[in-house]
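Everything below concerns the one structure shown next.
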Amino acid sequence: MQPTALMSSWQPVAAIVIFLIIYAVWMTDRISRALVALAGALIFLVIGIVHWQDAYMMHIQWNTIFLWIGMMLIAAVMNRSGLIPYAAIYSLKWTKGGPVRVMLLLTCLTAIGSALLDSVTMVLLIVPVTFVITRKLELNPVPFLIAEILVSNLGGAATLIGHPVNIWIGSANPQLTFNLFLTVLGPIVLILLIVNVGLLLLFYRKSFRQHSLKAPLQHLEEEARSYIQNPRRAIAILIIFIVTLLAFVSQNWIGIETPVIALSGAVLMLLVSTRSQWRTGEIWREIEWETVLFFIGLFILVGGLVDTGWISLGATQLLELTNGNLEFAAMIILWITGLVSAAIDNIPWVATMIPLIQEAGVQMNADAPAVLNPLWWALSLGACIGGNGTLIGASSNLLVAAIAHREKHHFSYMEFLKVGLPLTLISLAIASAYLYFIIL
């Protein structure tokens with residue numbers, strides 16, 4: 001949509017004004033984010049900015065929603081089976097209770113898991129472990145949770161399957177294989193992980209100085225075993241979990257969508273647990289329904305910005321600024337995508353940028369598709385890094401915040417912003433250097 005067409009109707013103006021007001025309310029943390037998002041989405045639907053059928057069929061990413069529900073169920077069953085507390089206590093034994101070593105272990109596991117699975121799946125598994133460990137060490141879990149959010153988004157950038165953005169980019173350009181993603185983006189992701197974790201340890205160094213272990217380390221193995229009430233059931237659940245992970249990793253070969261894999265694993269775990277003392281209703285209540293509703297509202301809100309032309313206009317203007325210069329285009333895409341991804345869900349932006357990058361290749365007379373690869377790498381890095389900028393920048397951020405709130409360890413939008421935004425800007429600067437000197 002051209003700028004003149006965009007401003008010829010009242011609806012685009014109403015859409016951006018309403019969205020900015022809602023965003024300002026989110027920043028205050030005084031009203032439920034889900035309630036505000038749903039209220040804004042309903043306004044969009046009532047005044048016709050978004051049509052209900054478009055919201056349901058196009059804008060709400062049901063695959064993402066069902067993937068989260070399936071992984072939340074898996075995490076809940078594993079927690080109740082004792083497997084998560086067992087893993088947490090054993091990790092304490094390996095780290096000997098040192099907070100810095102615990103931080104390094106948790107962030108390494110989160111980053112690797114996010115690259116092989118996805119960031120949402122990994123944080124849903126690692127956060128319960130984190131709470132068990134920090135309770136045992138009498139530490140504030142918030143620094144660990146924020147670190148896990150940051151490394152999950154960064155780790156997901158390293159592979160084709162680690163982040164939905166990369167999957168979309170890989171679909172748009174089949175030449176960008178799993179190995180190519182890992183070869184090109186793996187090194188910069190490793191550098192960014194080292195820098196981010198190092199700065200986090202420096203930022204939270206005072207929090208790590210005051211801790212004590214409630215139980216002697218020699219008793220931890222005995223305590224870990226006490227969490228497994230039914231070894232046979234726990235082994236069966238663990239086998240299902242491993243098979244589910246293998247299915248995630250081999251998703252492209254077996255041809256099964258990730259939501260189906262997640263829900264299948266969850267249903268099998270629940271079936272294995274039917275004879276236990278658990279009630280299925282109790283497991284369902286552990287799903288973060290408020291976060292699910294928040295993202296349904298957010299998908300509709302961002303869909304309204306797409307329908308009224310704001311996202312397309314921004315992307316078009318972005319490419320026009322470059323005037324056919326590949327290096328400049330890559331830098332602009334990296335930074336604008338990073339900043340936009342910090343403010344809104346990055347999927348609609350990336351979905352809009354993909355055809356525009358393809359069109360840019362036509363305008364630049366790019367005969368070989370590989371000529372445009374720097375633009376794809378810039379788009380991927382910008383989207384994944386930018387998710388660390390604010391609390392609503394990525395799905396994993398809000399899921400961790402919701403679980404923390406349930407565990408009475410709430411951290412606000414502004415508290416996360418003080419850490420996430422500076423690290424995001426530093427990461428974008430490092431990624432710019434890598435893009436310019438290594439990729440371009």
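A note on labels: chains of the structure tokens are A, B, ... as shown, every chain counts residues from 1, and ligands are counted from 1 in their shown order.
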Point to revise | Selection near region 112-126 of chain A, 8 Å with only C-alpha atoms, sequence-local residues under 4 positions removed, as a PyMOL selection string | key: chain A and resi 68+71-72+75+84+106+108+130+148-149+152-153+155-159+161-163+245+248-249+395-396+399-400
Revision key, fill the gap. Judged by only C-alpha atoms, the minimum distance to His409 (chain A) among A:Ile43, A:Ile228, A:Leu139, A:Ile287 is found for A:Leu139
Practice item. Please indicate the distance in Å from CA of Leu42 (chain A) to CA of Arg285 (chain A), rounded to one decimal place. Key: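 A separation of 25.4 Å between them.
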**Study point:** Best match for closeness to Ala55 (chain A) among A:Tyr413, A:Trp310, A:Phe299, A:Tyr436, counting only C-alpha atoms
**Key:**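 When distances to Ala55 (chain A) are compared using only C-alpha atoms, the smallest one comes from A:Phe299.
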